[in-house]
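Chemist: Quick one, upload-v4.cif (mmCIF, C-alpha atoms):
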data_model
#
loop_
_atom_site.label_atom_id
_atom_site.label_comp_id
_atom_site.auth_asym_id
_atom_site.auth_seq_id
_atom_site.Cartn_x
_atom_site.Cartn_y
_atom_site.Cartn_z
CA MET B 7 9.89 103.54 -18.36
CA HIS B 8 7.68 102.17 -21.13
CA ASP B 9 7.62 98.81 -19.40
CA THR B 10 5.59 100.07 -16.41
CA ILE B 11 2.43 99.11 -18.29
CA LEU B 12 3.87 95.68 -19.01
CA LEU B 13 4.81 95.19 -15.35
CA GLY B 14 1.19 96.01 -14.45
CA ARG B 15 -0.15 93.53 -17.00
CA ILE B 16 2.11 90.78 -15.67
CA SER B 17 0.96 91.59 -12.14
CA GLN B 18 -2.72 91.42 -13.13
CA GLY B 19 -2.22 88.24 -15.14
CA LEU B 20 -0.41 86.60 -12.25
CA GLU B 21 -3.13 87.59 -9.81
CA GLY B 22 -5.83 86.12 -12.07
CA LEU B 23 -3.82 82.95 -12.63
CA CYS B 24 -3.38 82.47 -8.89
CA LYS B 25 -7.06 83.03 -8.13
CA GLU B 26 -8.12 80.67 -10.91
CA ASN B 27 -5.78 77.92 -9.71
CA ASN B 28 -6.04 78.49 -5.93
CA ILE B 29 -2.34 79.38 -5.62
CA LEU B 30 -1.63 80.88 -2.19
CA SER B 31 2.02 81.80 -2.64
CA ILE B 32 4.54 81.65 -5.45
CA ASP B 33 7.91 79.96 -4.96
CA GLN B 34 9.10 80.22 -8.57
CA MET B 35 7.92 81.73 -11.83
CA ILE B 36 9.28 81.97 -15.35
CA VAL B 37 8.19 84.86 -17.57
CA ALA B 38 9.17 85.70 -21.15
CA VAL B 39 9.34 89.26 -22.46
CA SER B 40 10.36 90.73 -25.82
CA LEU B 41 13.98 91.08 -26.82
CA THR B 42 13.76 94.88 -26.45
CA SER B 43 11.99 94.93 -23.08
CA HIS B 44 13.63 96.52 -20.04
CA VAL B 45 11.79 94.16 -17.70
CA ASN B 46 14.22 91.95 -15.80
CA SER B 47 14.07 89.65 -12.78
CA GLU B 48 14.95 92.40 -10.32
CA ASN B 49 12.49 95.08 -11.41
CA LEU B 50 9.70 92.53 -11.92
CA LYS B 51 10.22 91.11 -8.43
CA ALA B 52 10.24 94.61 -6.91
CA PHE B 53 7.01 95.47 -8.72
CA LEU B 54 5.31 92.22 -7.70
CA LEU B 55 6.43 92.61 -4.07
CA GLU B 56 4.74 96.01 -4.03
CA HIS B 57 1.55 95.02 -5.88
CA ASN B 58 1.16 91.28 -5.18
CA GLY B 59 2.69 91.04 -1.72
CA SER B 60 0.16 88.48 -0.55
CA ILE B 61 1.40 85.86 -3.05
CA VAL B 62 4.97 87.01 -3.83
CA GLY B 63 7.71 87.43 -1.24
CA GLU B 64 11.46 87.50 -0.75
CA TRP B 65 11.34 83.69 -1.08
CA THR B 66 10.02 83.95 -4.66
CA ASP B 67 12.49 83.10 -7.44
CA ILE B 68 11.68 84.95 -10.67
CA LEU B 69 13.34 84.21 -13.99
CA VAL B 70 12.75 86.59 -16.90
CA LYS B 71 13.71 85.27 -20.33
CA LYS B 72 14.03 87.35 -23.48
CA GLU B 73 12.20 85.82 -26.43
CA ASP B 74 11.22 86.88 -29.91
CA ILE B 75 7.68 87.97 -29.02
CA GLU B 76 5.72 91.16 -29.64
CA ASP B 77 6.84 94.30 -27.77
CA GLN B 78 4.88 95.13 -24.61
CA SER B 79 3.75 91.54 -24.21
CA ALA B 80 4.75 88.77 -21.84
CA ILE B 81 4.18 85.07 -21.46
CA ILE B 82 3.98 83.49 -18.02
CA HIS B 83 5.53 80.11 -18.80
CA SER B 84 5.30 78.56 -15.35
CA VAL B 85 4.34 79.24 -11.76
CA LYS B 86 5.24 76.96 -8.86
CA GLY B 87 3.94 77.48 -5.37
CA ASP B 88 1.60 76.45 -2.62
CA ILE B 89 -2.02 75.77 -3.49
CA LEU B 90 -5.19 75.67 -1.44
CA VAL B 91 -6.45 72.11 -1.38
CA ARG B 92 -10.19 71.79 -1.04
#
Could you render the structure from this file as structure tokens?
Modeler:
Amino acid sequence: MHDTILLGRISQGLEGLCKENNILSIDQMIVAVSLTSHVNSENLKAFLLEHNGSIVGEWTDILVKKEDIEDQSAIIHSVKGDILVR
């Protein structure tokens, strides 16, 4: 699947976003992918459960939207979850 690289990029981007914003766990996220992408809510969630299991779980609701963006790119539109308050 050509989108394995894209799944990895989303995973890395999400990890960085969570570290930067002190997000401990994700309840909901919305991601946009290109119109031709094979990434969907199910395969993205499975990938994130395997690679980002400390912040993503069965409780996480993931919505993948198809948008007119460049192939092999994604936009993380929103992330909702629990944050570490300092």
Chemist: Near Lys72 (chain B), counting only C-alpha atoms, which residues have an atom at most 9 Å away, once you skip same-chain residues fewer than 3 positions from it, shown as a list in words?
Modeler: Val37, Ala38, Val39, Ser40, Leu41, Thr42, Ser43, Asn46 and Ile75 of chain B
Chemist: Which residue out of B:Ile32, B:Cys24, B:Ile11, B:Ile89 has the minimum interatomic distance to Gly63 (chain B) when all atoms listed in the file are used?
Modeler: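 Among the listed residues, the smallest separation from Gly63 (chain B) belongs to B:Ile32.
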Chemist: List the residues matched by the PyMOL selection byres ((chain B and resi 30) around 8) in the displayed structure as a ChimeraX atom specification, ordered by chain and then by residue number.
Modeler: /B:24,28-29,31-32,60-61,87-90
Chemist: Output C-alpha atoms for every residue in that selection, as an mmCIF file, in the frame of the given file.
Modeler:
data_model
loop_
_atom_site.group_PDB
_atom_site.id
_atom_site.type_symbol
_atom_site.label_atom_id
_atom_site.label_comp_id
_atom_site.auth_asym_id
_atom_site.auth_seq_id
_atom_site.Cartn_x
_atom_site.Cartn_y
_atom_site.Cartn_z
ATOM 1 C CA CYS B 24 -3.380 82.470 -8.890
ATOM 2 C CA ASN B 28 -6.040 78.490 -5.930
ATOM 3 C CA ILE B 29 -2.340 79.380 -5.620
ATOM 4 C CA SER B 31 2.020 81.800 -2.640
ATOM 5 C CA ILE B 32 4.540 81.650 -5.450
ATOM 6 C CA SER B 60 0.160 88.480 -0.550
ATOM 7 C CA ILE B 61 1.400 85.860 -3.050
ATOM 8 C CA GLY B 87 3.940 77.480 -5.370
ATOM 9 C CA ASP B 88 1.600 76.450 -2.620
ATOM 10 C CA ILE B 89 -2.020 75.770 -3.490
ATOM 11 C CA LEU B 90 -5.190 75.670 -1.440
#
Chemist: Please report the interatomic distance between CA of His44 (chain B) and CA of Ser79 (chain B) in Å with one decimal.
Modeler: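 Spanning CA of His44 (chain B) to CA of Ser79 (chain B) is a straight-line distance of 11.8 Å.
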Chemist: So which one's closest to Asn49 (chain B), B:Met35, B:Ala80, B:Leu13, B:Val62? Using only C-alpha atoms, please.
Modeler: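 Closest to Asn49 (chain B) of all the choices is B:Leu13.
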Chemist: Please provide as an MDAnalysis selection string all residues within 10 Å of Gln34 (chain B), with the sequence filter that same-chain residues fewer than 3 positions apart are discarded (counting all atoms listed in the file).
Modeler: chainID B and resid 31 62 65:69 84:87
Chemist: Return the single residue from B:Ile16, B:Arg92, B:Leu23, B:Ile81 that is closest to Lys51 (chain B), with distances computed using all atoms listed in the file.
Modeler: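 The shortest atom-to-atom distance to Lys51 (chain B) comes from B:Ile16.
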Chemist: Go ahead and compute the interatomic distance for CA of Gly59 (chain B) and CA of Glu76 (chain B), in Å to one decimal.
Modeler: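 Interatomic distance here is 28.1 Å.
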Chemist: Looking at B:Val91, B:Leu55, B:Asn27, B:Leu50, which one is nearest to Leu12 (chain B), with distances taken over all atoms listed in the file?
Modeler: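 Closest candidate: B:Leu50.
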Chemist: Grab the CA of Glu64 (chain B) to CA of Ile36 (chain B) distance for me, in Å with one decimal place.
Modeler: 15.8 Å
Chemist: Would you please work out which residue, of B:Ile82, B:Val70, B:Glu48, B:Asp33, is nearest to Ser17 (chain B) when using only C-alpha atoms?
Modeler: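 Closest candidate: B:Ile82.
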Chemist: Kindly compute an axis-aligned box around the listed atoms of region 63-67 of chain B, allowing 3 Å on each side, and express its centre and edge lengths in Å to one decimal as AutoDock Vina command-line options.
Modeler:
--center_x 10.1 --center_y 85.3 --center_z -4.1 --size_x 10.8 --size_y 10.4 --size_z 12.7
Chemist: Counting all atoms listed in the file, which residue out of B:Ala52, B:Leu20, B:Lys25, B:Val45 sits closest to Asp77 (chain B)?
Modeler: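 The shortest atom-to-atom distance to Asp77 (chain B) comes from B:Val45.
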Chemist: N, CA, C and O atoms are what I want for region 18-33 of chain B; can you complete it accordingly and write them as a short mmCIF file (atom, residue, chain, number, x, y, z; two decimals), keeping the file's coordinate frame?
Modeler:
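The file below, selection_28.cif, is the result:
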data_model
loop_
_atom_site.label_atom_id
_atom_site.label_comp_id
_atom_site.auth_asym_id
_atom_site.auth_seq_id
_atom_site.Cartn_x
_atom_site.Cartn_y
_atom_site.Cartn_z
N GLN B 18 -1.30 91.77 -13.03
CA GLN B 18 -2.72 91.42 -13.13
C GLN B 18 -2.91 89.99 -13.63
O GLN B 18 -3.77 89.26 -13.13
N GLY B 19 -2.12 89.60 -14.62
CA GLY B 19 -2.22 88.24 -15.14
C GLY B 19 -1.86 87.21 -14.08
O GLY B 19 -2.52 86.18 -13.95
N LEU B 20 -0.83 87.50 -13.31
CA LEU B 20 -0.41 86.60 -12.25
C LEU B 20 -1.48 86.49 -11.18
O LEU B 20 -1.79 85.38 -10.70
N GLU B 21 -2.07 87.60 -10.81
CA GLU B 21 -3.13 87.59 -9.81
C GLU B 21 -4.32 86.74 -10.27
O GLU B 21 -4.85 85.92 -9.52
N GLY B 22 -4.73 86.91 -11.52
CA GLY B 22 -5.83 86.12 -12.07
C GLY B 22 -5.49 84.64 -12.14
O GLY B 22 -6.33 83.79 -11.80
N LEU B 23 -4.28 84.34 -12.54
CA LEU B 23 -3.82 82.95 -12.63
C LEU B 23 -3.84 82.29 -11.26
O LEU B 23 -4.28 81.14 -11.11
N CYS B 24 -3.40 83.01 -10.25
CA CYS B 24 -3.38 82.47 -8.89
C CYS B 24 -4.78 82.26 -8.34
O CYS B 24 -5.06 81.24 -7.71
N LYS B 25 -5.67 83.19 -8.59
CA LYS B 25 -7.06 83.03 -8.13
C LYS B 25 -7.72 81.85 -8.82
O LYS B 25 -8.39 81.04 -8.19
N GLU B 26 -7.52 81.74 -10.11
CA GLU B 26 -8.12 80.67 -10.91
C GLU B 26 -7.63 79.28 -10.49
O GLU B 26 -8.38 78.31 -10.53
N ASN B 27 -6.38 79.21 -10.04
CA ASN B 27 -5.78 77.92 -9.71
C ASN B 27 -5.54 77.72 -8.22
O ASN B 27 -4.82 76.80 -7.82
N ASN B 28 -6.14 78.58 -7.39
CA ASN B 28 -6.04 78.49 -5.93
C ASN B 28 -4.60 78.47 -5.43
O ASN B 28 -4.25 77.73 -4.52
N ILE B 29 -3.74 79.29 -6.04
CA ILE B 29 -2.34 79.38 -5.62
C ILE B 29 -2.25 80.43 -4.51
O ILE B 29 -2.64 81.58 -4.69
N LEU B 30 -1.72 80.01 -3.36
CA LEU B 30 -1.63 80.88 -2.19
C LEU B 30 -0.35 81.70 -2.17
O LEU B 30 -0.34 82.84 -1.71
N SER B 31 0.74 81.10 -2.60
CA SER B 31 2.02 81.80 -2.64
C SER B 31 2.88 81.22 -3.75
O SER B 31 2.77 80.03 -4.08
N ILE B 32 3.73 82.06 -4.31
CA ILE B 32 4.54 81.65 -5.45
C ILE B 32 5.99 81.45 -5.00
O ILE B 32 6.60 82.37 -4.44
N ASP B 33 6.51 80.25 -5.26
CA ASP B 33 7.91 79.96 -4.96
C ASP B 33 8.80 80.29 -6.16
O ASP B 33 9.92 80.76 -5.99
#
